[in-house]
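Engineer: Provided herewith: model.cif, mmCIF, C-alpha atoms.
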data_protein
#
loop_
_atom_site.group_PDB
_atom_site.id
_atom_site.type_symbol
_atom_site.label_atom_id
_atom_site.label_comp_id
_atom_site.auth_asym_id
_atom_site.auth_seq_id
_atom_site.Cartn_x
_atom_site.Cartn_y
_atom_site.Cartn_z
ATOM 1 C CA MET S 1340 53.086 -67.674 86.963
ATOM 2 C CA ALA S 1341 55.676 -68.348 84.254
ATOM 3 C CA ASP S 1342 55.276 -72.122 84.653
ATOM 4 C CA SER S 1343 52.144 -71.818 82.492
ATOM 5 C CA PHE S 1344 53.412 -69.102 80.125
ATOM 6 C CA ASP S 1345 54.274 -69.976 76.508
ATOM 7 C CA PHE S 1346 56.991 -67.322 75.860
ATOM 8 C CA PRO S 1347 55.716 -66.579 72.328
ATOM 9 C CA ASP S 1348 58.304 -63.883 71.553
ATOM 10 C CA THR S 1349 61.186 -66.178 72.506
ATOM 11 C CA VAL S 1350 59.839 -69.029 70.387
ATOM 12 C CA ALA S 1351 59.073 -66.821 67.363
ATOM 13 C CA ASN S 1352 62.480 -65.129 67.341
ATOM 14 C CA TRP S 1353 64.712 -67.981 68.447
ATOM 15 C CA GLN S 1354 68.142 -68.028 66.816
ATOM 16 C CA PRO S 1355 69.117 -71.648 66.039
ATOM 17 C CA LEU S 1356 72.115 -72.939 67.973
ATOM 18 C CA THR S 1357 74.609 -75.235 66.267
ATOM 19 C CA ARG S 1358 75.863 -76.590 69.614
ATOM 20 C CA PRO S 1359 79.549 -77.134 68.781
ATOM 21 C CA ARG S 1360 81.795 -78.899 71.276
ATOM 22 C CA ALA S 1361 82.560 -76.783 74.334
ATOM 23 C CA SER S 1362 86.255 -76.907 73.440
ATOM 24 C CA GLU S 1363 85.490 -75.029 70.208
ATOM 25 C CA LEU S 1364 83.983 -72.128 72.170
ATOM 26 C CA GLU S 1365 86.223 -72.023 75.231
ATOM 27 C CA ASP S 1366 89.052 -69.774 74.055
ATOM 28 C CA THR S 1367 86.714 -67.296 72.356
ATOM 29 C CA ARG S 1368 84.391 -67.306 75.375
ATOM 30 C CA LYS S 1369 87.222 -66.548 77.785
ATOM 31 C CA GLN S 1370 88.537 -63.726 75.593
ATOM 32 C CA LEU S 1371 85.066 -62.149 75.510
ATOM 33 C CA HIS S 1372 84.836 -62.569 79.296
ATOM 34 C CA TRP S 1373 88.085 -60.653 79.719
ATOM 35 C CA ALA S 1374 87.042 -58.058 77.132
ATOM 36 C CA ALA S 1375 83.838 -57.450 79.095
ATOM 37 C CA GLN S 1376 85.983 -56.145 81.959
ATOM 38 C CA LEU S 1377 86.996 -53.231 79.731
ATOM 39 C CA VAL S 1378 83.351 -52.297 79.268
ATOM 40 C CA ALA S 1379 82.641 -52.721 82.983
ATOM 41 C CA ALA S 1380 85.427 -50.242 83.769
ATOM 42 C CA ILE S 1381 82.990 -47.432 82.908
ATOM 43 C CA GLY S 1382 80.572 -48.352 85.681
ATOM 44 C CA THR S 1383 83.358 -49.275 88.086
ATOM 45 C CA THR S 1384 85.037 -45.875 87.750
ATOM 46 C CA LEU S 1385 82.366 -43.405 86.680
ATOM 47 C CA CYS S 1386 79.141 -44.577 88.355
ATOM 48 C CA ASP S 1387 78.153 -44.171 91.984
ATOM 49 C CA PRO S 1388 79.125 -47.427 93.737
ATOM 50 C CA ARG S 1389 76.387 -49.738 94.975
ATOM 51 C CA GLY S 1390 76.695 -52.392 97.625
ATOM 52 C CA ASP S 1391 75.600 -55.167 95.262
ATOM 53 C CA TYR S 1392 78.077 -54.036 92.560
ATOM 54 C CA SER S 1393 75.205 -53.465 90.152
ATOM 55 C CA HIS S 1394 76.971 -50.300 88.969
ATOM 56 C CA THR S 1395 79.423 -52.616 87.182
ATOM 57 C CA ASN S 1396 76.883 -54.827 85.437
ATOM 58 C CA LEU S 1397 76.179 -54.835 81.712
ATOM 59 C CA GLU S 1398 73.168 -54.992 79.420
ATOM 60 C CA TRP S 1399 72.848 -57.098 76.288
ATOM 61 C CA SER S 1400 72.046 -54.898 73.302
ATOM 62 C CA ALA S 1401 70.328 -56.916 70.583
ATOM 63 C CA ALA S 1402 70.680 -53.982 68.182
ATOM 64 C CA HIS S 1403 74.465 -53.894 68.619
ATOM 65 C CA GLU S 1404 74.922 -57.619 69.310
ATOM 66 C CA GLY S 1405 77.033 -56.814 72.313
ATOM 67 C CA LEU S 1406 77.320 -55.908 75.973
ATOM 68 C CA LEU S 1407 76.721 -52.310 77.004
ATOM 69 C CA SER S 1408 77.911 -50.657 80.213
ATOM 70 C CA LYS S 1409 75.872 -48.516 82.549
ATOM 71 C CA PRO S 1410 75.763 -44.849 81.488
ATOM 72 C CA SER S 1411 78.394 -42.943 83.428
ATOM 73 C CA ASP S 1412 77.368 -40.462 86.117
ATOM 74 C CA THR S 1413 79.104 -37.667 84.215
ATOM 75 C CA SER S 1414 78.108 -34.850 81.925
ATOM 76 C CA PRO S 1415 78.150 -35.742 79.127
ATOM 77 C CA SER S 1416 77.372 -39.376 79.874
ATOM 78 C CA VAL S 1417 79.356 -42.149 78.191
ATOM 79 C CA GLN S 1418 78.915 -45.890 77.753
ATOM 80 C CA ALA S 1419 81.217 -48.605 76.480
ATOM 81 C CA LEU S 1420 80.039 -51.448 74.262
ATOM 82 C CA LEU S 1421 81.672 -54.805 73.515
ATOM 83 C CA ARG S 1422 80.547 -55.833 70.040
ATOM 84 C CA PHE S 1423 80.701 -59.623 69.792
ATOM 85 C CA PRO S 1424 80.789 -60.073 65.978
ATOM 86 C CA ASP S 1425 84.048 -58.131 65.487
ATOM 87 C CA VAL S 1426 85.332 -58.093 69.106
ATOM 88 C CA THR S 1427 85.560 -54.315 69.221
ATOM 89 C CA ILE S 1428 85.106 -51.877 72.091
ATOM 90 C CA GLU S 1429 82.948 -48.942 71.026
ATOM 91 C CA LEU S 1430 82.552 -45.745 73.038
ATOM 92 C CA LEU S 1431 79.197 -43.980 72.988
ATOM 93 C CA CYS S 1432 78.673 -40.412 74.174
ATOM 94 C CA GLU S 1433 75.040 -39.497 74.799
ATOM 95 C CA GLY S 1434 74.143 -42.494 72.638
ATOM 96 C CA GLN S 1435 76.355 -41.545 69.676
ATOM 97 C CA SER S 1436 79.402 -43.559 68.618
ATOM 98 C CA VAL S 1437 82.587 -41.539 69.119
ATOM 99 C CA ALA S 1438 85.392 -44.131 69.109
ATOM 100 C CA ALA S 1439 86.063 -47.770 68.225
ATOM 101 C CA ILE S 1440 88.899 -49.945 69.524
ATOM 102 C CA PRO S 1441 89.307 -53.298 67.734
ATOM 103 C CA LEU S 1442 90.834 -55.749 70.219
ATOM 104 C CA GLU S 1443 92.571 -58.106 67.795
ATOM 105 C CA GLY S 1444 96.329 -57.812 68.272
ATOM 106 C CA ARG S 1445 96.007 -55.509 71.294
ATOM 107 C CA ARG S 1446 96.898 -56.315 74.878
ATOM 108 C CA PHE S 1447 94.370 -55.693 77.641
ATOM 109 C CA SER S 1448 96.397 -52.830 79.113
ATOM 110 C CA GLU S 1449 96.724 -51.126 75.731
ATOM 111 C CA ALA S 1450 92.980 -51.381 75.088
ATOM 112 C CA LEU S 1451 92.244 -49.983 78.552
ATOM 113 C CA ASP S 1452 94.619 -47.072 77.953
ATOM 114 C CA LEU S 1453 92.961 -46.288 74.612
ATOM 115 C CA LEU S 1454 89.497 -46.458 76.151
ATOM 116 C CA THR S 1455 90.617 -44.247 79.036
ATOM 117 C CA ALA S 1456 91.991 -41.630 76.649
ATOM 118 C CA ALA S 1457 88.800 -41.636 74.576
ATOM 119 C CA VAL S 1458 86.602 -41.285 77.670
ATOM 120 C CA ALA S 1459 88.798 -38.559 79.170
ATOM 121 C CA ASN S 1460 88.524 -36.600 75.937
ATOM 122 C CA GLN S 1461 84.720 -36.838 75.898
ATOM 123 C CA ILE S 1462 84.146 -35.846 79.538
ATOM 124 C CA ASP S 1463 87.067 -33.386 79.687
ATOM 125 C CA ARG S 1464 88.883 -35.151 82.508
ATOM 126 C CA PRO S 1465 92.581 -35.278 81.489
ATOM 127 C CA GLY S 1466 93.790 -37.143 84.588
ATOM 128 C CA LEU S 1467 91.231 -39.924 84.358
ATOM 129 C CA THR S 1468 92.238 -43.492 85.196
ATOM 130 C CA LEU S 1469 89.723 -46.206 84.363
ATOM 131 C CA ALA S 1470 89.857 -49.245 86.640
ATOM 132 C CA ARG S 1471 88.447 -52.643 85.783
ATOM 133 C CA PRO S 1472 86.406 -54.566 88.364
ATOM 134 C CA ARG S 1473 88.598 -56.584 90.718
ATOM 135 C CA HIS S 1474 87.434 -60.180 90.920
ATOM 136 C CA ASP S 1475 88.734 -63.612 89.975
ATOM 137 C CA LEU S 1476 88.415 -64.429 86.288
ATOM 138 C CA PRO S 1477 89.167 -67.555 84.242
ATOM 139 C CA ALA S 1478 92.865 -68.075 83.667
ATOM 140 C CA HIS S 1479 93.780 -66.961 80.153
ATOM 141 C CA ARG S 1480 96.783 -65.717 78.235
ATOM 142 C CA VAL S 1481 95.280 -62.201 77.878
ATOM 143 C CA ASP S 1482 95.300 -61.673 81.669
ATOM 144 C CA PRO S 1483 97.235 -58.392 82.080
ATOM 145 C CA GLU S 1484 98.709 -59.662 85.349
ATOM 146 C CA GLY S 1485 99.747 -62.957 83.797
ATOM 147 C CA GLU S 1486 101.105 -63.644 80.320
ATOM 148 C CA ALA S 1487 99.569 -60.374 79.050
ATOM 149 C CA ALA S 1488 99.284 -61.751 75.517
ATOM 150 C CA PRO S 1489 97.314 -59.803 72.910
ATOM 151 C CA PHE S 1490 93.705 -60.589 72.106
ATOM 152 C CA GLY S 1491 93.087 -62.596 68.949
ATOM 153 C CA GLY S 1492 92.800 -66.050 67.459
ATOM 154 C CA TRP S 1493 89.092 -66.380 68.147
ATOM 155 C CA GLN S 1494 86.962 -68.542 65.881
ATOM 156 C CA PRO S 1495 84.321 -66.791 63.713
ATOM 157 C CA HIS S 1496 81.804 -69.613 64.224
ATOM 158 C CA ALA S 1497 82.321 -69.337 67.991
ATOM 159 C CA LEU S 1498 81.533 -65.613 67.896
ATOM 160 C CA VAL S 1499 78.309 -66.345 65.994
ATOM 161 C CA GLU S 1500 77.299 -69.104 68.408
ATOM 162 C CA LEU S 1501 78.017 -67.058 71.536
ATOM 163 C CA THR S 1502 76.123 -64.090 70.089
ATOM 164 C CA ARG S 1503 73.112 -66.347 69.592
ATOM 165 C CA TRP S 1504 73.310 -67.712 73.130
ATOM 166 C CA PHE S 1505 73.271 -64.217 74.587
ATOM 167 C CA THR S 1506 70.531 -63.050 72.210
ATOM 168 C CA ASN S 1507 68.254 -65.997 73.000
ATOM 169 C CA GLY S 1508 68.951 -65.803 76.716
ATOM 170 C CA ASP S 1509 68.342 -62.069 76.901
ATOM 171 C CA ARG S 1510 65.088 -62.283 74.946
ATOM 172 C CA ALA S 1511 63.702 -65.096 77.109
ATOM 173 C CA LEU S 1512 64.621 -63.360 80.359
ATOM 174 C CA ARG S 1513 63.136 -60.051 79.225
ATOM 175 C CA GLU S 1514 59.934 -61.852 78.272
ATOM 176 C CA LEU S 1515 59.903 -63.507 81.689
ATOM 177 C CA ARG S 1516 60.292 -60.099 83.327
ATOM 178 C CA ARG S 1517 57.383 -58.664 81.340
ATOM 179 C CA HIS S 1518 55.245 -61.574 82.511
ATOM 180 C CA ASP S 1519 56.369 -61.789 86.158
ATOM 181 C CA ALA S 1520 56.483 -58.540 88.143
ATOM 182 C CA ARG S 1521 58.849 -60.103 90.683
ATOM 183 C CA ALA S 1522 61.718 -60.221 88.181
ATOM 184 C CA THR S 1523 64.546 -57.695 88.389
ATOM 185 C CA GLU S 1524 66.288 -56.080 85.420
ATOM 186 C CA VAL S 1525 68.023 -58.489 83.051
ATOM 187 C CA ARG S 1526 71.753 -57.925 83.338
ATOM 188 C CA CYS S 1527 75.089 -59.549 82.538
ATOM 189 C CA TRP S 1528 77.439 -59.740 85.504
ATOM 190 C CA PRO S 1529 81.088 -59.234 84.490
ATOM 191 C CA HIS S 1530 82.397 -61.508 87.248
ATOM 192 C CA HIS S 1531 80.679 -64.710 86.082
ATOM 193 C CA PHE S 1532 79.789 -63.535 82.532
ATOM 194 C CA ASP S 1533 76.236 -64.806 82.951
ATOM 195 C CA ILE S 1534 73.061 -62.983 81.978
ATOM 196 C CA ALA S 1535 70.323 -63.247 84.562
ATOM 197 C CA THR S 1536 67.313 -61.921 86.426
ATOM 198 C CA LEU S 1537 66.245 -62.481 90.026
ATOM 199 C CA LEU S 1538 62.662 -63.380 90.910
ATOM 200 C CA VAL S 1539 62.157 -61.921 94.370
ATOM 201 C CA VAL S 1540 59.860 -64.314 96.225
ATOM 202 C CA GLU S 1541 60.185 -62.724 99.662
ATOM 203 C CA ARG S 1542 61.928 -59.799 101.358
ATOM 204 C CA GLU S 1543 62.793 -59.327 105.014
ATOM 205 C CA HIS S 1544 60.265 -56.505 105.122
ATOM 206 C CA ALA S 1545 57.500 -56.973 102.569
ATOM 207 C CA ASP S 1546 56.690 -53.262 102.409
ATOM 208 C CA ASP S 1547 60.323 -52.171 101.894
ATOM 209 C CA PRO S 1548 61.614 -52.769 98.329
ATOM 210 C CA ASP S 1549 65.172 -52.109 99.510
ATOM 211 C CA SER S 1550 65.149 -54.653 102.334
ATOM 212 C CA GLU S 1551 67.135 -57.879 102.134
ATOM 213 C CA VAL S 1552 65.877 -60.583 99.782
ATOM 214 C CA THR S 1553 65.233 -63.700 101.872
ATOM 215 C CA ARG S 1554 63.806 -66.034 99.210
ATOM 216 C CA SER S 1555 64.405 -65.835 95.470
ATOM 217 C CA LEU S 1556 64.868 -67.642 92.180
ATOM 218 C CA GLY S 1557 67.907 -66.891 90.056
ATOM 219 C CA VAL S 1558 67.156 -67.412 86.362
ATOM 220 C CA GLY S 1559 69.851 -67.066 83.763
ATOM 221 C CA MET S 1560 72.226 -68.261 81.066
ATOM 222 C CA THR S 1561 75.973 -68.668 81.139
ATOM 223 C CA PRO S 1562 78.117 -69.439 78.071
ATOM 224 C CA GLY S 1563 80.142 -71.864 80.205
ATOM 225 C CA ASP S 1564 81.993 -71.725 83.500
ATOM 226 C CA GLY S 1565 83.718 -73.811 86.163
ATOM 227 C CA SER S 1566 80.631 -75.960 86.705
ATOM 228 C CA TYR S 1567 80.023 -76.838 83.044
ATOM 229 C CA ALA S 1568 82.213 -76.244 80.013
ATOM 230 C CA ASP S 1569 79.025 -76.192 77.936
ATOM 231 C CA ALA S 1570 76.833 -73.140 77.740
ATOM 232 C CA TYR S 1571 73.751 -73.692 79.882
ATOM 233 C CA TRP S 1572 70.552 -72.211 81.261
ATOM 234 C CA TYR S 1573 69.787 -72.407 84.948
ATOM 235 C CA VAL S 1574 67.174 -71.765 87.627
ATOM 236 C CA THR S 1575 68.408 -71.722 91.237
ATOM 237 C CA PRO S 1576 66.398 -71.424 94.472
ATOM 238 C CA TRP S 1577 67.674 -69.334 97.377
ATOM 239 C CA PRO S 1578 68.209 -70.366 100.043
ATOM 240 C CA TYR S 1579 69.255 -73.816 98.909
ATOM 241 C CA PRO S 1580 67.088 -76.506 100.524
ATOM 242 C CA ALA S 1581 68.986 -78.646 103.041
ATOM 243 C CA SER S 1582 67.897 -82.092 101.836
ATOM 244 C CA PRO S 1583 65.595 -81.521 98.904
ATOM 245 C CA GLU S 1584 63.301 -83.911 97.128
ATOM 246 C CA LEU S 1585 64.146 -82.958 93.563
ATOM 247 C CA PRO S 1586 61.328 -83.523 91.068
ATOM 248 C CA PRO S 1587 62.014 -84.539 87.453
ATOM 249 C CA LEU S 1588 62.581 -81.753 84.939
ATOM 250 C CA GLU S 1589 61.293 -81.444 81.390
ATOM 251 C CA GLY S 1590 63.078 -80.482 78.181
ATOM 252 C CA GLY S 1591 66.290 -82.353 78.990
ATOM 253 C CA GLY S 1592 66.987 -80.535 82.247
ATOM 254 C CA ILE S 1593 69.018 -82.023 85.100
ATOM 255 C CA TRP S 1594 69.679 -81.069 88.723
ATOM 256 C CA HIS S 1595 73.069 -79.691 89.695
ATOM 257 C CA LYS S 1596 73.959 -80.595 93.298
ATOM 258 C CA ASP S 1597 77.723 -80.048 93.631
ATOM 259 C CA GLY S 1598 78.375 -76.774 95.493
ATOM 260 C CA TRP S 1599 75.004 -75.300 94.568
ATOM 261 C CA ILE S 1600 71.521 -76.593 93.822
ATOM 262 C CA GLY S 1601 69.757 -75.660 90.645
ATOM 263 C CA ALA S 1602 67.998 -76.847 87.518
ATOM 264 C CA VAL S 1603 70.269 -76.885 84.467
ATOM 265 C CA LEU S 1604 69.836 -77.351 80.720
ATOM 266 C CA THR S 1605 73.162 -77.671 78.928
ATOM 267 C CA SER S 1606 73.935 -77.140 75.275
ATOM 268 C CA THR S 1607 74.700 -80.845 74.966
ATOM 269 C CA ALA S 1608 71.242 -81.783 76.259
ATOM 270 C CA LEU S 1609 69.311 -79.352 74.054
ATOM 271 C CA ARG S 1610 67.341 -81.070 71.289
ATOM 272 C CA ASN S 1611 65.052 -79.931 68.477
ATOM 273 C CA PRO S 1612 62.777 -78.082 68.392
ATOM 274 C CA GLN S 1613 65.196 -75.996 70.432
ATOM 275 C CA ALA S 1614 62.985 -73.112 71.531
ATOM 276 C CA GLU S 1615 60.112 -75.344 72.572
ATOM 277 C CA ARG S 1616 62.446 -77.679 74.486
ATOM 278 C CA TYR S 1617 64.029 -74.740 76.277
ATOM 279 C CA ILE S 1618 60.622 -73.358 77.268
ATOM 280 C CA GLN S 1619 59.599 -76.813 78.545
ATOM 281 C CA PHE S 1620 62.708 -76.825 80.705
ATOM 282 C CA LEU S 1621 62.249 -73.258 81.924
ATOM 283 C CA ARG S 1622 58.631 -73.732 82.913
ATOM 284 C CA SER S 1623 59.285 -76.972 84.774
ATOM 285 C CA ALA S 1624 62.410 -75.569 86.452
ATOM 286 C CA LEU S 1625 60.596 -72.458 87.676
ATOM 287 C CA ALA S 1626 57.771 -74.549 89.113
ATOM 288 C CA ALA S 1627 60.157 -77.018 90.743
ATOM 289 C CA CYS S 1628 62.448 -74.408 92.277
ATOM 290 C CA GLU S 1629 59.580 -72.317 93.599
ATOM 291 C CA GLY S 1630 58.180 -75.491 95.131
ATOM 292 C CA LEU S 1631 61.493 -76.050 96.916
ATOM 293 C CA LEU S 1632 61.063 -72.667 98.608
ATOM 294 C CA SER S 1633 57.560 -73.445 99.888
#
Kindly transcribe the structure held in the file into structure tokens.
Structural biologist:
Amino acid sequence: MADSFDFPDTVANWQPLTRPRASELEDTRKQLHWAAQLVAAIGTTLCDPRGDYSHTNLEWSAAHEGLLSKPSDTSPSVQALLRFPDVTIELLCEGQSVAAIPLEGRRFSEALDLLTAAVANQIDRPGLTLARPRHDLPAHRVDPEGEAAPFGGWQPHALVELTRWFTNGDRALRELRRHDARATEVRCWPHHFDIATLLVVEREHADDPDSEVTRSLGVGMTPGDGSYADAYWYVTPWPYPASPELPPLEGGGIWHKDGWIGAVLTSTALRNPQAERYIQFLRSALAACEGLLS
């Protein structure tokens, strides 16, 4: 069980967080959230659809410091990458970089057209139309169906901080998955812009890995959303207990109870030593949430 695991790789490679005010990250975070839809257009359009929309999800690439799409179900296969440090969309064909589209000064529709043209050229499909995933996203001036303003104006320190949040979160979740065989692949979901894994506690049919999950723990990190402006880590039990007795959490964690039930550690609550405090929270949250499912 991870509630007794020390997460040595996460602690040893932790990237220190400066924890600026949420307002200093918000605009940059929302622009990256919208930019991630460009990357997700590869899976949405060129991968076989799946009922859970996992064909649209993204993977954090520590080597590229960015979010990488699923490989397309085409020959040759292509992937799109959103590089956080310079907010650029990069197209990879069979793992090799073939095009780069800096987003600064470009509107969403223009960037999508450029990406479409680059993909069409690589897979020899002249009439290709890439479509972004259709789901509600945070209101922002770059919304192509709203103000349709160009990308830009992000803060360099915000890009660094958000890169570190994703890097730390991805490393911890991958280490959790190596330790706990119940954990699914670590992925970023373009709808909520969180990076997460699911610990499958129980399925409808224990001997069928494709049967419905009936009890689980969601474990992840979000750089901020409608629940908290701060970036935060979370552990959520499913199904939510009706009237739970919520035990205390370690590491500065709190219980969220408005609309959903889960253990939360916000950027504001994180104290030094950061990695050790986060691991204290994670271990206690996993134990508490699994107890709620008993």
Engineer: When you look at segment 1388-1401 of chain S with a cut-off of 10 Å (counting only C-alpha atoms), what residues show up, excluding the ones that are within fewer than 5 positions of it in the same chain? I need them as a ChimeraX atom specification.
Structural biologist: /S:1375-1376,1378-1383,1406-1411,1419-1422,1471-1472,1502-1503,1505-1510,1524-1530,1532,1534
Engineer: Using all atoms listed in the file, pick whichever of S:Asp1597, S:Glu1365, S:Pro1576, S:Phe1344 has the shortest atom-to-atom distance to Arg1516 of chain S.
Structural biologist: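 Selected residue with least distance to Arg1516 of chain S: S:Phe1344.
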Engineer: Counting all atoms listed in the file, what is within 9 Å of Asp1412 of chain S, bar same-chain residues fewer than 5 positions away, as a ChimeraX atom specification?
Structural biologist: /S:1382,1385-1387,1417
Engineer: Anything within 9 Å of (90.9, -62.4, 80.8): list those residues as a list in words, counting all atoms listed in the file and sticking to the file's coordinates.
Structural biologist: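 It turns out the residues near that spot are Lys1369, Gln1370, Leu1371, His1372, Trp1373, Ala1374, Ala1375, Gln1376, Phe1447, Leu1476, Pro1477, Ala1478, His1479, Arg1480, Val1481, Asp1482 and Pro1483 of chain S.
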Engineer: Got a sec to check which residues sit within 9 Å of (74.2, -85.7, 79.5), counting all atoms listed in the file, and write them as a list in words?
Structural biologist: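 The residues near that point, listed by chain and number, are Gly1591, Ile1593, Thr1605, Thr1607 and Ala1608 of chain S.
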Engineer: Might you pull out every residue within 8 Å of Leu1515 of chain S, with only C-alpha atoms counted and same-chain residues fewer than 4 positions away left off, and present them as a list in words?
Structural biologist: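 The filter keeps Ala1341, Phe1346, Ala1511, Asp1519 and Ala1522 of chain S.
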Engineer: Any idea what the distance is between atom CA of Ala1402 of chain S and atom CA of Thr1523 of chain S?
Structural biologist: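 About the pair atom CA of Ala1402 of chain S and atom CA of Thr1523 of chain S: they are 21.4 Å apart.
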Engineer: Run the PyMOL selection byres ((chain S and resi 1521) around 12) against the file shown and list the residues it catches, as a PyMOL selection string.
Structural biologist: chain S and resi 1340-1341+1515-1520+1522-1524+1536-1542+1548+1552+1554-1558
Engineer: Check which residues satisfy the PyMOL selection byres ((chain S and resi 1468) around 12) in the file shown, then give them as a compact mmCIF listing (two decimals) with C-alpha atoms, keeping the file's coordinate frame.
Structural biologist:
# COMPACT_ATOMS: atom_id res chain seq x y z
CA ALA S 1380 85.43 -50.24 83.77
CA ILE S 1381 82.99 -47.43 82.91
CA THR S 1383 83.36 -49.28 88.09
CA THR S 1384 85.04 -45.88 87.75
CA LEU S 1385 82.37 -43.40 86.68
CA SER S 1448 96.40 -52.83 79.11
CA LEU S 1451 92.24 -49.98 78.55
CA ASP S 1452 94.62 -47.07 77.95
CA LEU S 1453 92.96 -46.29 74.61
CA LEU S 1454 89.50 -46.46 76.15
CA THR S 1455 90.62 -44.25 79.04
CA ALA S 1456 91.99 -41.63 76.65
CA ALA S 1457 88.80 -41.64 74.58
CA VAL S 1458 86.60 -41.28 77.67
CA ALA S 1459 88.80 -38.56 79.17
CA ARG S 1464 88.88 -35.15 82.51
CA PRO S 1465 92.58 -35.28 81.49
CA GLY S 1466 93.79 -37.14 84.59
CA LEU S 1467 91.23 -39.92 84.36
CA LEU S 1469 89.72 -46.21 84.36
CA ALA S 1470 89.86 -49.24 86.64
CA ARG S 1471 88.45 -52.64 85.78
Engineer: Can you work out which one of S:Leu1632, S:Ala1581, S:Val1426, S:Ala1602 has the shortest atom-to-atom distance to Gln1494 of chain S, counting all atoms listed in the file?
Structural biologist: S:Val1426
Engineer: Quick one: residues within 10 Å of Leu1501 of chain S, all atoms listed in the file counted, chain neighbours fewer than 3 positions away excluded, as an MDAnalysis selection string?
Structural biologist: chainID S and resid 1356 1358 1364 1367:1368 1371 1423:1424 1496:1498 1504:1507 1561:1562 1570
Engineer: Can you patch up segment 1479-1494 of chain S, filling it in to N, CA and C atoms, and show the result as a tab-separated table (two decimals), in the frame of the given file?
Structural biologist:
chain	number	residue	atom	x	y	z
S	1479	HIS	N	93.67	-67.08	81.61
S	1479	HIS	CA	93.78	-66.96	80.15
S	1479	HIS	C	95.02	-66.16	79.81
S	1480	ARG	N	95.54	-66.38	78.64
S	1480	ARG	CA	96.78	-65.72	78.24
S	1480	ARG	C	96.64	-64.20	78.15
S	1481	VAL	N	95.43	-63.66	77.99
S	1481	VAL	CA	95.28	-62.20	77.88
S	1481	VAL	C	95.27	-61.50	79.24
S	1482	ASP	N	95.29	-62.26	80.32
S	1482	ASP	CA	95.30	-61.67	81.67
S	1482	ASP	C	96.45	-60.68	81.78
S	1483	PRO	N	96.16	-59.39	82.04
S	1483	PRO	CA	97.24	-58.39	82.08
S	1483	PRO	C	98.21	-58.60	83.23
S	1484	GLU	N	97.82	-59.38	84.23
S	1484	GLU	CA	98.71	-59.66	85.35
S	1484	GLU	C	99.35	-61.04	85.22
S	1485	GLY	N	99.15	-61.66	84.08
S	1485	GLY	CA	99.75	-62.96	83.80
S	1485	GLY	C	100.64	-62.87	82.58
S	1486	GLU	N	100.31	-63.65	81.55
S	1486	GLU	CA	101.10	-63.64	80.32
S	1486	GLU	C	100.97	-62.33	79.56
S	1487	ALA	N	99.83	-61.66	79.71
S	1487	ALA	CA	99.57	-60.37	79.05
S	1487	ALA	C	99.72	-60.47	77.53
S	1488	ALA	N	99.24	-61.57	76.97
S	1488	ALA	CA	99.28	-61.75	75.52
S	1488	ALA	C	98.19	-60.91	74.87
S	1489	PRO	N	98.35	-60.58	73.59
S	1489	PRO	CA	97.31	-59.80	72.91
S	1489	PRO	C	96.06	-60.63	72.65
S	1490	PHE	N	94.94	-59.94	72.53
S	1490	PHE	CA	93.70	-60.59	72.11
S	1490	PHE	C	93.86	-61.09	70.67
S	1491	GLY	N	93.10	-62.12	70.32
S	1491	GLY	CA	93.09	-62.60	68.95
S	1491	GLY	C	93.05	-64.11	68.88
S	1492	GLY	N	92.84	-64.61	67.67
S	1492	GLY	CA	92.80	-66.05	67.46
S	1492	GLY	C	91.44	-66.67	67.73
S	1493	TRP	N	90.43	-65.84	67.92
S	1493	TRP	CA	89.09	-66.38	68.15
S	1493	TRP	C	88.54	-66.99	66.87
S	1494	GLN	N	87.56	-67.86	67.02
S	1494	GLN	CA	86.96	-68.54	65.88
S	1494	GLN	C	85.67	-67.83	65.46
